[in-house]
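Novice: Here you go, this is run_14.cif (mmCIF, C-alpha atoms and all ligand atoms).
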data_structure
#
loop_
_atom_site.label_atom_id
_atom_site.label_comp_id
_atom_site.auth_asym_id
_atom_site.auth_seq_id
_atom_site.Cartn_x
_atom_site.Cartn_y
_atom_site.Cartn_z
CA MET A 1 0.00 0.00 0.00
CA PRO A 2 1.30 3.48 -0.76
CA PRO A 3 2.41 5.39 2.37
CA VAL A 4 -0.23 8.14 2.16
CA GLY A 5 -1.69 8.13 5.69
CA GLY A 6 -2.26 11.74 6.71
CA ALA A 7 -1.71 13.09 3.18
CA GLY A 8 -3.69 16.17 2.21
CA PRO A 9 -6.83 15.58 0.12
CA PRO A 10 -6.72 15.68 -3.68
CA VAL A 11 -7.90 18.79 -5.51
CA SER A 12 -8.55 16.86 -8.73
CA LEU A 13 -10.22 13.56 -9.50
CA TYR A 14 -9.81 11.48 -12.67
CA VAL A 15 -12.25 8.63 -13.35
CA HIS A 16 -11.55 6.18 -16.17
CA PHE A 17 -14.44 4.68 -18.13
CA PRO A 18 -12.73 1.72 -19.82
CA PHE A 19 -15.31 0.70 -22.44
CA CYS A 20 -15.52 1.21 -26.20
CA VAL A 21 -17.66 -0.57 -28.77
CA HIS A 22 -14.67 -0.88 -31.08
CA ARG A 23 -10.91 -0.49 -30.76
CA CYS A 24 -9.26 2.08 -33.05
CA HIS A 25 -6.12 0.84 -34.86
CA TYR A 26 -3.74 3.14 -33.04
CA CYS A 27 -5.18 2.97 -29.51
CA ASP A 28 -3.24 1.53 -26.58
CA PHE A 29 -5.42 2.92 -23.79
CA SER A 30 -7.04 0.73 -21.18
CA VAL A 31 -10.13 -0.25 -23.15
CA HIS A 32 -12.46 -3.24 -22.92
CA ARG A 33 -14.41 -3.75 -26.14
CA THR A 34 -18.13 -4.23 -25.61
CA HIS A 35 -21.53 -3.06 -26.85
CA THR A 36 -23.01 -3.37 -23.37
CA PRO A 37 -20.75 -1.72 -20.77
CA PRO A 38 -21.30 -3.28 -17.31
CA LEU A 39 -22.31 0.00 -15.68
CA ALA A 40 -23.41 -1.44 -12.34
CA GLU A 41 -20.05 -3.22 -11.87
CA TRP A 42 -18.10 -0.16 -12.96
CA LEU A 43 -19.99 2.15 -10.57
CA ASP A 44 -19.64 -0.36 -7.76
CA SER A 45 -15.86 -0.56 -8.40
CA VAL A 46 -15.53 3.23 -8.39
CA GLU A 47 -17.32 3.39 -5.06
CA ILE A 48 -15.15 0.65 -3.51
CA GLU A 49 -12.00 2.41 -4.69
CA VAL A 50 -13.13 5.73 -3.22
CA ASP A 51 -13.82 4.04 0.14
CA GLN A 52 -10.39 2.38 0.09
CA TRP A 53 -8.58 5.67 -0.57
CA PHE A 54 -10.48 7.50 2.18
CA ALA A 55 -9.60 4.71 4.64
CA LEU A 56 -5.95 4.59 3.53
CA ALA A 57 -5.30 8.33 3.67
CA GLY A 58 -7.62 9.08 6.58
CA TRP A 59 -9.54 11.77 4.69
CA SER A 60 -12.83 13.18 6.02
CA ARG A 61 -15.91 13.39 3.83
CA PRO A 62 -16.75 15.29 1.77
CA ILE A 63 -13.72 16.54 -0.15
CA GLU A 64 -14.28 19.70 -2.16
CA LEU A 65 -12.89 19.14 -5.65
CA GLN A 66 -11.60 21.83 -7.97
CA THR A 67 -11.71 19.58 -11.04
CA LEU A 68 -13.19 16.27 -12.12
CA PHE A 69 -12.31 14.57 -15.40
CA LEU A 70 -14.16 11.56 -16.77
CA GLY A 71 -11.97 10.03 -19.48
CA GLY A 72 -11.86 6.81 -21.41
CA GLY A 73 -12.63 4.77 -23.29
CA THR A 74 -15.92 6.18 -24.46
CA PRO A 75 -17.73 7.87 -21.56
CA SER A 76 -20.55 8.89 -23.92
CA LEU A 77 -21.67 5.23 -23.78
CA LEU A 78 -22.90 6.17 -20.29
CA GLY A 79 -25.65 8.25 -21.89
CA ALA A 80 -28.04 9.63 -19.29
CA ASP A 81 -26.44 7.40 -16.63
CA MET A 82 -23.92 10.16 -15.93
CA SER A 83 -26.31 11.05 -13.10
CA ARG A 84 -25.61 7.63 -11.53
CA LEU A 85 -21.88 8.40 -11.46
CA ALA A 86 -22.61 11.82 -9.96
CA GLU A 87 -24.71 10.15 -7.26
CA VAL A 88 -21.87 7.76 -6.34
CA LEU A 89 -19.25 10.51 -6.25
CA ARG A 90 -21.44 12.90 -4.25
CA ARG A 91 -21.30 10.48 -1.32
CA SER A 92 -17.64 11.49 -0.88
CA PHE A 93 -16.99 14.67 -2.86
CA VAL A 94 -18.59 18.08 -3.23
CA LEU A 95 -19.42 18.43 -6.93
CA GLY A 96 -21.01 21.27 -8.78
CA SER A 97 -19.72 24.39 -7.06
CA ASP A 98 -19.66 27.34 -9.47
CA SER A 99 -15.89 27.25 -9.69
CA MET A 100 -15.54 23.49 -10.19
CA GLU A 101 -14.56 22.28 -13.65
CA TRP A 102 -16.11 18.94 -14.62
CA THR A 103 -14.93 17.60 -17.96
CA ALA A 104 -16.28 14.51 -19.69
CA GLU A 105 -14.89 12.96 -22.85
CA SER A 106 -17.19 11.76 -25.60
CA ASN A 107 -17.13 10.26 -29.06
CA PRO A 108 -19.16 11.70 -31.92
CA ALA A 109 -20.78 8.31 -32.59
CA SER A 110 -22.45 8.22 -29.17
CA LEU A 111 -23.12 11.87 -28.39
CA ASP A 112 -26.38 13.58 -29.26
CA GLU A 113 -28.23 16.56 -27.86
CA ALA A 114 -30.25 14.50 -25.36
CA VAL A 115 -27.09 12.94 -23.90
CA ALA A 116 -25.34 16.32 -23.78
CA LYS A 117 -28.32 17.89 -21.98
CA SER A 118 -28.44 15.09 -19.43
CA TRP A 119 -24.73 15.57 -18.74
CA LEU A 120 -25.22 19.30 -18.15
CA GLU A 121 -28.00 18.46 -15.72
CA ALA A 122 -25.70 16.00 -13.92
CA GLY A 123 -23.11 18.76 -13.45
CA VAL A 124 -20.68 18.33 -16.37
CA ASN A 125 -19.65 21.78 -17.57
CA ARG A 126 -16.80 21.04 -19.99
CA LEU A 127 -17.15 18.63 -22.89
CA SER A 128 -14.28 17.13 -24.85
CA ILE A 129 -15.15 15.47 -28.17
CA GLY A 130 -12.83 13.00 -29.90
CA VAL A 131 -13.24 14.49 -33.37
CA GLN A 132 -9.70 13.61 -34.57
CA SER A 133 -10.39 14.67 -38.17
CA PHE A 134 -12.97 16.20 -40.50
CA ASP A 135 -11.86 14.01 -43.42
CA ASP A 136 -13.80 10.78 -44.06
CA ASP A 137 -10.80 8.96 -45.54
CA VAL A 138 -8.61 9.88 -42.56
CA LEU A 139 -11.30 8.79 -40.08
CA ARG A 140 -11.67 5.46 -41.90
CA TRP A 141 -7.90 4.93 -41.90
CA LEU A 142 -7.76 5.68 -38.16
CA GLY A 143 -10.50 3.09 -37.60
CA ARG A 144 -12.93 5.59 -36.10
CA LEU A 145 -16.67 4.88 -36.02
CA HIS A 146 -17.78 8.36 -37.08
CA ASP A 147 -17.44 10.34 -40.29
CA ALA A 148 -16.92 14.08 -40.77
CA ALA A 149 -20.66 14.76 -40.82
CA GLY A 150 -20.98 12.87 -37.53
CA ALA A 151 -18.23 15.01 -35.97
CA ARG A 152 -20.03 18.19 -37.05
CA ARG A 153 -23.34 16.87 -35.74
CA ALA A 154 -21.83 16.06 -32.34
CA LEU A 155 -20.25 19.49 -32.00
CA ALA A 156 -23.53 21.17 -33.01
CA ALA A 157 -25.47 18.98 -30.54
CA ALA A 158 -23.10 19.96 -27.73
CA ARG A 159 -23.50 23.65 -28.54
CA SER A 160 -27.26 23.54 -28.83
CA ALA A 161 -27.52 21.56 -25.57
CA GLY A 162 -25.75 24.50 -23.90
CA PHE A 163 -22.06 23.53 -23.65
CA GLU A 164 -19.95 26.59 -24.20
CA ASN A 165 -16.72 25.12 -22.78
CA LEU A 166 -16.08 22.72 -25.63
CA ASN A 167 -12.91 20.94 -26.72
CA ALA A 168 -12.15 19.08 -29.95
CA ASP A 169 -9.28 16.57 -30.09
CA LEU A 170 -7.50 16.46 -33.46
CA ILE A 171 -4.78 14.07 -34.66
CA PHE A 172 -1.98 15.11 -37.00
CA GLY A 173 1.25 13.56 -38.29
CA LEU A 174 -0.32 10.73 -40.29
CA PRO A 175 1.79 8.71 -42.75
CA SER A 176 2.72 10.64 -45.86
CA SER A 177 0.70 8.21 -48.01
CA ILE A 178 -2.44 9.78 -46.50
CA GLN A 179 -3.29 13.11 -48.03
CA ARG A 180 -5.37 15.61 -46.14
CA ALA A 181 -6.05 19.36 -45.96
CA TRP A 182 -4.95 19.61 -42.33
CA ARG A 183 -5.25 23.36 -41.89
CA ASP A 184 -8.81 23.26 -43.30
CA GLU A 185 -9.64 20.66 -40.67
CA VAL A 186 -8.34 22.86 -37.86
CA GLU A 187 -10.49 25.66 -39.26
CA ALA A 188 -13.50 23.34 -39.39
CA ALA A 189 -13.15 22.89 -35.62
CA LEU A 190 -13.08 26.66 -35.19
CA GLU A 191 -16.17 27.07 -37.38
CA ALA A 192 -17.96 24.56 -35.14
CA GLY A 193 -17.55 26.97 -32.22
CA VAL A 194 -15.05 25.15 -30.00
CA THR A 195 -13.31 27.11 -27.23
CA HIS A 196 -10.42 24.64 -26.82
CA VAL A 197 -8.44 22.42 -29.20
CA SER A 198 -6.03 19.60 -28.33
CA THR A 199 -3.77 18.45 -31.16
CA TYR A 200 -1.97 15.12 -30.84
CA GLY A 201 0.73 13.72 -33.09
CA LEU A 202 -0.06 10.13 -34.09
CA THR A 203 2.28 7.58 -32.53
CA ALA A 204 2.59 3.90 -33.45
CA GLU A 205 2.55 2.11 -30.10
CA PRO A 206 4.07 -1.38 -30.39
CA ARG A 207 1.04 -3.25 -28.97
CA THR A 208 -1.43 -1.81 -31.48
CA PRO A 209 -2.39 -3.00 -34.99
CA LEU A 210 -0.84 0.21 -36.32
CA GLY A 211 2.39 -0.50 -34.43
CA ARG A 212 2.56 -3.99 -35.89
CA ARG A 213 2.02 -2.67 -39.42
CA VAL A 214 4.80 -0.12 -38.95
CA THR A 215 7.15 -2.81 -37.61
CA ALA A 216 6.31 -5.03 -40.59
CA GLY A 217 7.15 -2.17 -42.94
CA ASP A 218 3.59 -1.87 -44.30
CA VAL A 219 3.17 1.70 -43.04
CA ASN A 220 5.71 4.52 -42.85
CA MET A 221 4.94 7.06 -40.18
CA ALA A 222 5.09 10.77 -40.99
CA GLY A 223 8.54 12.22 -41.52
CA GLY A 224 9.77 15.10 -39.39
CA GLU A 225 8.96 17.65 -42.05
CA ARG A 226 5.30 16.72 -42.32
CA TYR A 227 4.95 16.42 -38.56
CA ALA A 228 6.51 19.84 -37.90
CA GLY A 229 4.65 21.45 -40.81
CA GLU A 230 1.26 20.32 -39.52
CA TYR A 231 2.05 21.22 -35.92
CA LEU A 232 3.09 24.74 -36.88
CA ALA A 233 0.13 25.13 -39.27
CA ALA A 234 -2.22 24.36 -36.37
CA VAL A 235 -0.38 26.86 -34.15
CA GLU A 236 -0.74 29.54 -36.82
CA ALA A 237 -4.44 28.89 -37.53
CA LEU A 238 -5.41 28.75 -33.87
CA GLU A 239 -3.38 31.77 -32.80
CA GLU A 240 -4.87 33.78 -35.68
CA ALA A 241 -8.29 32.88 -34.27
CA GLY A 242 -7.32 34.24 -30.83
CA PHE A 243 -6.44 30.93 -29.15
CA VAL A 244 -3.57 30.87 -26.66
CA HIS A 245 -1.07 28.05 -27.14
CA TYR A 246 -0.73 27.33 -23.43
CA GLU A 247 0.84 23.89 -23.53
CA VAL A 248 2.62 21.77 -26.13
CA SER A 249 -0.63 20.18 -27.37
CA ASN A 250 -3.30 22.53 -26.04
CA PHE A 251 -4.90 25.75 -27.25
CA ALA A 252 -7.70 27.74 -25.65
CA LEU A 253 -9.58 30.97 -26.00
CA PRO A 254 -8.78 33.19 -22.99
CA GLY A 255 -10.61 31.84 -19.93
CA TYR A 256 -11.09 28.34 -21.38
CA GLU A 257 -7.82 26.63 -20.43
CA CYS A 258 -8.30 23.16 -18.93
CA LEU A 259 -7.77 23.58 -15.19
CA HIS A 260 -7.59 19.82 -14.68
CA ASN A 261 -4.54 19.59 -16.94
CA TRP A 262 -2.89 22.50 -15.15
CA HIS A 263 -3.12 20.53 -11.93
CA TYR A 264 -1.14 17.68 -13.50
CA TRP A 265 1.51 20.12 -14.62
CA ASP A 266 1.79 22.23 -11.46
CA GLY A 267 2.16 19.38 -8.97
CA SER A 268 -1.28 19.51 -7.30
CA PRO A 269 -2.45 16.27 -5.63
CA TYR A 270 -4.93 14.21 -7.64
CA LEU A 271 -6.73 10.92 -7.31
CA GLY A 272 -7.27 8.52 -10.21
CA LEU A 273 -9.96 5.84 -10.21
CA GLY A 274 -10.52 3.02 -12.70
CA PRO A 275 -8.22 0.64 -14.57
CA SER A 276 -4.84 2.21 -15.53
CA ALA A 277 -5.59 5.40 -13.54
CA HIS A 278 -2.70 7.15 -11.79
CA SER A 279 -2.79 9.11 -8.53
CA TYR A 280 -0.40 11.58 -6.94
CA VAL A 281 -1.03 11.97 -3.22
CA GLY A 282 1.32 13.02 -0.43
CA GLY A 283 4.32 13.03 -2.80
CA VAL A 284 3.64 9.40 -3.80
CA ARG A 285 2.67 8.25 -7.25
CA ALA A 286 0.42 5.20 -7.43
CA TRP A 287 -1.17 3.41 -10.36
CA ASN A 288 -3.89 0.84 -10.92
CA VAL A 289 -3.83 -2.41 -12.86
CA PHE A 290 -4.35 -1.81 -16.55
CA ARG A 291 -7.12 -4.18 -17.60
CA TRP A 292 -10.79 -3.89 -16.68
CA ALA A 293 -11.14 -7.61 -15.87
CA ALA A 294 -8.20 -7.58 -13.42
CA TYR A 295 -9.38 -4.31 -11.90
CA ARG A 296 -12.92 -5.55 -11.34
CA ARG A 297 -11.76 -8.93 -10.04
CA ALA A 298 -9.45 -7.31 -7.47
CA LEU A 299 -12.10 -4.94 -6.09
CA ALA A 300 -15.02 -7.38 -6.17
CA GLY A 301 -12.84 -9.87 -4.28
CA GLY A 302 -12.14 -7.40 -1.47
CA GLY A 303 -8.62 -6.54 -2.67
CA SER A 304 -6.96 -3.44 -4.07
CA ALA A 305 -6.73 -2.34 -7.70
CA LEU A 306 -3.35 -0.70 -7.07
CA GLU A 307 -0.51 -2.23 -9.04
CA GLY A 308 2.40 -0.13 -7.81
CA HIS A 309 3.63 3.08 -6.25
CA GLU A 310 6.83 5.10 -6.04
CA SER A 311 8.29 8.24 -4.53
CA PRO A 312 10.45 9.97 -7.15
CA GLY A 313 14.14 10.42 -6.29
CA ALA A 314 16.01 13.72 -6.60
CA GLY A 315 17.59 12.98 -10.00
CA GLU A 316 14.30 11.97 -11.54
CA SER A 317 12.59 14.95 -9.96
CA ARG A 318 15.04 17.36 -11.55
CA LEU A 319 14.39 16.18 -15.10
CA GLU A 320 10.67 15.86 -14.54
CA ARG A 321 10.51 19.32 -13.03
CA LEU A 322 12.28 20.82 -16.04
CA TRP A 323 10.13 18.88 -18.44
CA LEU A 324 6.87 19.87 -16.76
CA ALA A 325 7.83 23.52 -16.48
CA PHE A 326 8.83 23.78 -20.11
CA ARG A 327 5.70 22.00 -21.41
CA THR A 328 3.60 25.08 -20.65
CA ASN A 329 3.73 28.69 -21.74
CA ARG A 330 4.48 29.66 -18.13
CA GLY A 331 7.94 28.07 -18.46
CA ILE A 332 10.12 28.72 -15.44
CA ALA A 333 9.46 31.98 -13.61
CA ALA A 334 12.51 34.13 -12.89
CA GLU A 335 11.98 33.90 -9.12
CA ASP A 336 11.94 30.08 -9.19
CA PRO A 337 15.25 28.64 -7.85
CA LEU A 338 15.30 26.35 -10.87
CA ALA A 339 15.53 29.36 -13.24
CA GLU A 340 18.69 30.57 -11.57
CA SER A 341 20.21 27.11 -11.80
CA VAL A 342 19.27 26.79 -15.50
CA VAL A 343 20.87 30.14 -16.28
CA THR A 344 24.00 29.41 -14.18
CA HIS A 345 24.66 25.97 -15.62
CA ALA A 346 23.23 26.17 -19.13
CA GLY A 347 23.11 29.89 -19.92
CA ASP A 348 25.05 29.37 -23.16
CA LEU A 349 22.57 26.71 -24.34
CA ILE A 350 19.63 28.96 -23.55
CA GLU A 351 21.25 31.79 -25.47
CA THR A 352 21.88 29.57 -28.52
CA TRP A 353 18.27 28.36 -28.40
CA ARG A 354 17.02 31.91 -28.02
CA GLU A 355 18.88 32.90 -31.18
CA ALA A 356 17.38 29.86 -32.96
CA GLY A 357 13.87 30.95 -31.92
CA TRP A 358 13.27 27.94 -29.64
CA VAL A 359 13.29 29.79 -26.33
CA VAL A 360 12.12 33.17 -25.08
CA ARG A 361 13.92 34.66 -22.11
CA ASP A 362 12.97 37.93 -20.46
CA GLU A 363 13.03 39.33 -16.94
CA PHE A 364 9.94 37.30 -16.00
CA ARG A 365 10.61 33.79 -17.25
CA VAL A 366 12.32 31.33 -19.57
CA ARG A 367 9.88 29.47 -21.80
CA PHE A 368 9.83 27.48 -25.01
CA THR A 369 8.27 28.65 -28.28
CA ALA A 370 6.25 26.35 -30.57
CA GLU A 371 9.48 25.66 -32.52
CA GLY A 372 11.13 24.76 -29.23
CA TRP A 373 8.25 22.47 -28.25
CA LEU A 374 8.88 20.46 -31.42
CA ARG A 375 12.26 19.61 -29.83
CA LEU A 376 11.04 19.41 -26.22
CA ASP A 377 12.54 16.05 -25.23
CA GLU A 378 15.87 16.74 -26.87
CA LEU A 379 16.22 20.22 -25.35
CA VAL A 380 15.12 19.24 -21.84
CA THR A 381 17.49 16.26 -21.88
CA ALA A 382 20.36 18.57 -22.90
CA LEU A 383 19.44 20.94 -20.07
CA GLY A 384 19.12 18.10 -17.57
CA CYS A 385 22.63 16.88 -18.41
CA ARG A 386 24.06 20.29 -17.55
CA MET A 387 22.28 20.73 -14.25
CA PRO A 388 23.71 19.74 -10.88
CA ALA A 389 21.89 17.18 -8.73
CA MET A 390 18.94 18.61 -6.83
CA THR A 391 19.85 19.25 -3.23
CA LYS A 392 18.40 21.15 -0.34
CA GLU A 393 21.47 23.38 -0.44
CA ASN A 394 20.97 24.61 -4.00
CA GLY A 395 17.28 25.14 -3.37
CA LEU A 396 16.06 22.63 -5.93
CA ARG A 397 14.57 20.02 -3.67
CA GLU A 398 10.96 19.37 -2.71
CA GLY A 399 10.00 21.62 0.17
CA ASP A 400 12.00 24.53 -1.20
CA GLY A 401 9.57 25.55 -3.86
CA VAL A 402 10.00 22.60 -6.17
CA ARG A 403 6.92 20.58 -6.86
CA GLU A 404 6.73 17.52 -8.95
CA SER A 405 4.24 15.30 -10.65
CA TYR A 406 3.15 14.28 -14.08
CA ARG A 407 0.45 12.04 -15.28
CA ALA A 408 0.53 11.16 -18.96
S1 LIG A 501 -12.49 5.60 -29.10
FE1 LIG A 501 -10.63 6.37 -28.05
S2 LIG A 501 -10.34 5.02 -26.28
FE2 LIG A 501 -11.81 3.98 -27.66
S3 LIG A 501 -10.54 2.65 -28.93
FE3 LIG A 501 -10.75 4.58 -30.07
S4 LIG A 501 -8.96 5.85 -29.43
FE4 LIG A 501 -9.18 4.14 -27.95
#
Would you kindly transcribe this structure into structure tokens?

Specialist:
Amino acid sequence: MPPVGGAGPPVSLYVHFPFCVHRCHYCDFSVHRTHTPPLAEWLDSVEIEVDQWFALAGWSRPIELQTLFLGGGTPSLLGADMSRLAEVLRRSFVLGSDSMEWTAESNPASLDEAVAKSWLEAGVNRLSIGVQSFDDDVLRWLGRLHDAAGARRALAAARSAGFENLNADLIFGLPSSIQRAWRDEVEAALEAGVTHVSTYGLTAEPRTPLGRRVTAGDVNMAGGERYAGEYLAAVEALEEAGFVHYEVSNFALPGYECLHNWHYWDGSPYLGLGPSAHSYVGGVRAWNVFRWAAYRRALAGGGSALEGHESPGAGESRLERLWLAFRTNRGIAAEDPLAESVVTHAGDLIETWREAGWVVRDEFRVRFTAEGWLRLDELVTALGCRMPAMTKENGLREGDGVRESYRA
């Protein structure tokens, strides 16, 4: 069991809904394929997990949450049963305060106006739709169930139901054999009235059908030029429309940034429920078993769904801290002890990157540009190699202003 007795309560809660009616070719998430999700078992498991965490950490009920995120999987398969989840969670958490952000993910194939309205009534106030593309050929190649018209219908249904805080996920960086008018697709999302866009580069994970086709040489993933070209085209289109590029993959109109994601990046404590979910509580990271069947079996049998936990060491914390800070447009603030260390030990690198247009440095902060974010891993690794170990003496250790956590 993770050593979290006496830890402060989480400010964010993630709940994983691990069911989809079909598995997309590129997906390696924790997904159980079914047309009839076992809702009663899933809700029962969520409730057991909540009880276990409260007993383990010694928290008092109810905990007031700042954010709740229902991800998947395909949460829109819940339909109007979102209210049943709300009922379970309300036994332990305060939901629905004016300032609380409650996001739910959905797929165009299972979202209509009636479902969207029932979610608003249950308390959801931010909707994220897995659009991925507005091109029928691209959607077919990705193995998605919806077409472009279905994506437009879902976005329109969400708007007319009353969702104004609305995200569209889009995928770029497809193999060069697949032609598409990418910038037009980004603009189609804007025309649909979204207030937030997340753009993800396609990756070929080894365990997926796509990964196996790439390994076999049947598919060549996008080259660097196409990947960078599409990324920067999205940045340009969205910034022209007034969106702020506030994190590597995320863009929002002012006031519509995803608070839940910020909590992952700024080191706030969060609880994750459901198969594959991660938690960060009391400086300890813990994660659940990946598969639904193993998760359900463990909880129904009176056991725990936790698979492991760890407390990051100083070396790991340093790199993670740099990586998290540079993922967002806040970068590292000048008054942060880490900024002084970066400038002392890697000032020449920062200057070279500034001249290349990858970094901006002023009296307030050091942060990456979109061009820099294209090289994020490479640049942060180079910085990490130059930095001294984190110690209490140089002010880089937890407790001296450094916070750490990341959940992918
Ligand atoms: S809908 Fe999403 S979670 Fe479900 S299989 Fe496709 S990519 Fe994976």

Novice: Grab me every residue within 12 Å of ligand LIG 501 (chain A), counting all atoms listed in the file, and send it over as a PyMOL selection string.

Specialist: chain A and resi 16-34+71-77+105-110+128-132+139-140+142-146+169-171+200+202-203+208-209

Novice: Measuring between all atoms listed in the file, which one of A:Ala305, A:Leu174, A:Val124, A:Ala116 shows the shortest distance to Arg159 in chain A?

Specialist: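 Of all the options, A:Ala116 lies closest to Arg159 in chain A.
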
Novice: Give the answer as one residue: which of A:Leu65, A:Ala80, A:Ala370, A:Val281 has the shortest atom-to-atom distance to Ser99 in chain A, using only C-alpha atoms?

Specialist: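 For Ser99 in chain A, the nearest of the candidates is A:Leu65.
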
Novice: I'd like the contact shell of range 343-354 of chain A - 10 Å cut-off, only C-alpha atoms, skipping same-chain residues fewer than 6 positions apart - returned as a list in words.

Specialist: Ala334, Val360, Arg361, Val366, Arg367, Phe368, Thr369, Gly372, Leu379, Ala382, Leu383, Gly384, Cys385, Arg386, Met387 and Pro388 of chain A

Novice: If we count all atoms listed in the file and set the cut-off at 10 Å, which residues sit around Pro10 in chain A, ignoring sequence neighbours fewer than 2 positions away in its own chain? Please answer as a PyMOL selection string.

Specialist: chain A and resi 7-8+12-13+59+63-67+268-272+279-282

Novice: Could you tell me how far CA of Arg321 in chain A lies from CA of Glu257 in chain A, in Å and to one decimal?

Specialist: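 These two atoms are separated by 21.1 Å.
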
Novice: When you draw a straight line from CA of Leu306 in chain A to CA of Ala286 in chain A, how long is it in Å?

Specialist: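 Those two atoms sit 7.0 Å apart.
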
Novice: Quote the spacing between CA of Phe251 in chain A and CA of Ala234 in chain A in Å to one decimal place.

Specialist: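 Interatomic distance, CA of Phe251 in chain A to CA of Ala234 in chain A: 9.6 Å.
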
Novice: Using all atoms listed in the file, can you tell me which of A:Ala228, A:Val284, A:Val186, A:Ala222 comes closest to Gly267 in chain A?

Specialist: A:Val284

Novice: Using all atoms listed in the file, pick whichever of A:Glu230, A:Asp377, A:Glu121, A:Asp112 has the shortest atom-to-atom distance to Ala158 in chain A.

Specialist: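 Among the listed residues, the smallest separation from Ala158 in chain A belongs to A:Asp112.
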
Novice: Any idea what's packed within 9 Å of Leu376 in chain A, counting only C-alpha atoms, ignoring anything in its chain fewer than 6 positions away? Could you give it as a list in words?

Specialist: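 The residues that qualify are Val248, Trp323, Phe326, Arg327 and Phe368 of chain A.
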
Novice: Can you list, as a ChimeraX atom specification, every protein, DNA or RNA residue that comes within 12 Å of Trp182 in chain A when you count all atoms listed in the file, leaving out same-chain residues fewer than 2 positions away?

Specialist: /A:132-135,138,170-174,178-180,184-189,199,226-227,229-235,237

Novice: Give the answer as one residue: which of A:Trp102, A:Ser276, A:Glu310, A:Leu238 has the shortest atom-to-atom distance to Trp292 in chain A, using all atoms listed in the file?

Specialist: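 Distance minimum relative to Trp292 in chain A lands on A:Ser276.
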
Novice: Measuring between all atoms listed in the file, which one of A:Leu324, A:Val4, A:Leu155, A:Ala148 shows the shortest distance to Ala192 in chain A?

Specialist: A:Leu155

Novice: Could you write range 35-39 of chain A of the block just shown to a file containing all heavy atoms, as a compact mmCIF listing (two decimals), in the first residue's frame?

Specialist:
# COMPACT_ATOMS: atom_id res chain seq x y z
N HIS A 35 -20.37 -3.88 -26.50
CA HIS A 35 -21.53 -3.06 -26.85
C HIS A 35 -22.41 -2.78 -25.63
O HIS A 35 -23.30 -1.96 -25.69
CB HIS A 35 -22.37 -3.76 -27.93
CG HIS A 35 -21.74 -3.68 -29.29
ND1 HIS A 35 -21.97 -2.64 -30.17
CD2 HIS A 35 -20.86 -4.49 -29.91
CE1 HIS A 35 -21.27 -2.82 -31.27
NE2 HIS A 35 -20.59 -3.94 -31.14
N THR A 36 -22.17 -3.54 -24.57
CA THR A 36 -23.01 -3.37 -23.37
C THR A 36 -22.11 -3.18 -22.14
O THR A 36 -21.85 -4.14 -21.39
CB THR A 36 -23.91 -4.61 -23.17
OG1 THR A 36 -23.07 -5.76 -23.22
CG2 THR A 36 -24.99 -4.70 -24.23
N PRO A 37 -21.62 -1.96 -21.93
CA PRO A 37 -20.75 -1.72 -20.77
C PRO A 37 -21.43 -2.13 -19.47
O PRO A 37 -22.61 -1.81 -19.26
CB PRO A 37 -20.54 -0.20 -20.81
CG PRO A 37 -20.84 0.21 -22.21
CD PRO A 37 -21.88 -0.75 -22.72
N PRO A 38 -20.72 -2.84 -18.60
CA PRO A 38 -21.30 -3.28 -17.31
C PRO A 38 -21.30 -2.12 -16.31
O PRO A 38 -20.47 -2.04 -15.41
CB PRO A 38 -20.34 -4.40 -16.87
CG PRO A 38 -19.04 -4.08 -17.54
CD PRO A 38 -19.35 -3.32 -18.79
N LEU A 39 -22.30 -1.25 -16.45
CA LEU A 39 -22.31 0.00 -15.68
C LEU A 39 -22.39 -0.24 -14.18
O LEU A 39 -21.71 0.43 -13.40
CB LEU A 39 -23.50 0.87 -16.10
CG LEU A 39 -23.42 1.48 -17.50
CD1 LEU A 39 -24.54 2.47 -17.69
CD2 LEU A 39 -22.08 2.14 -17.72
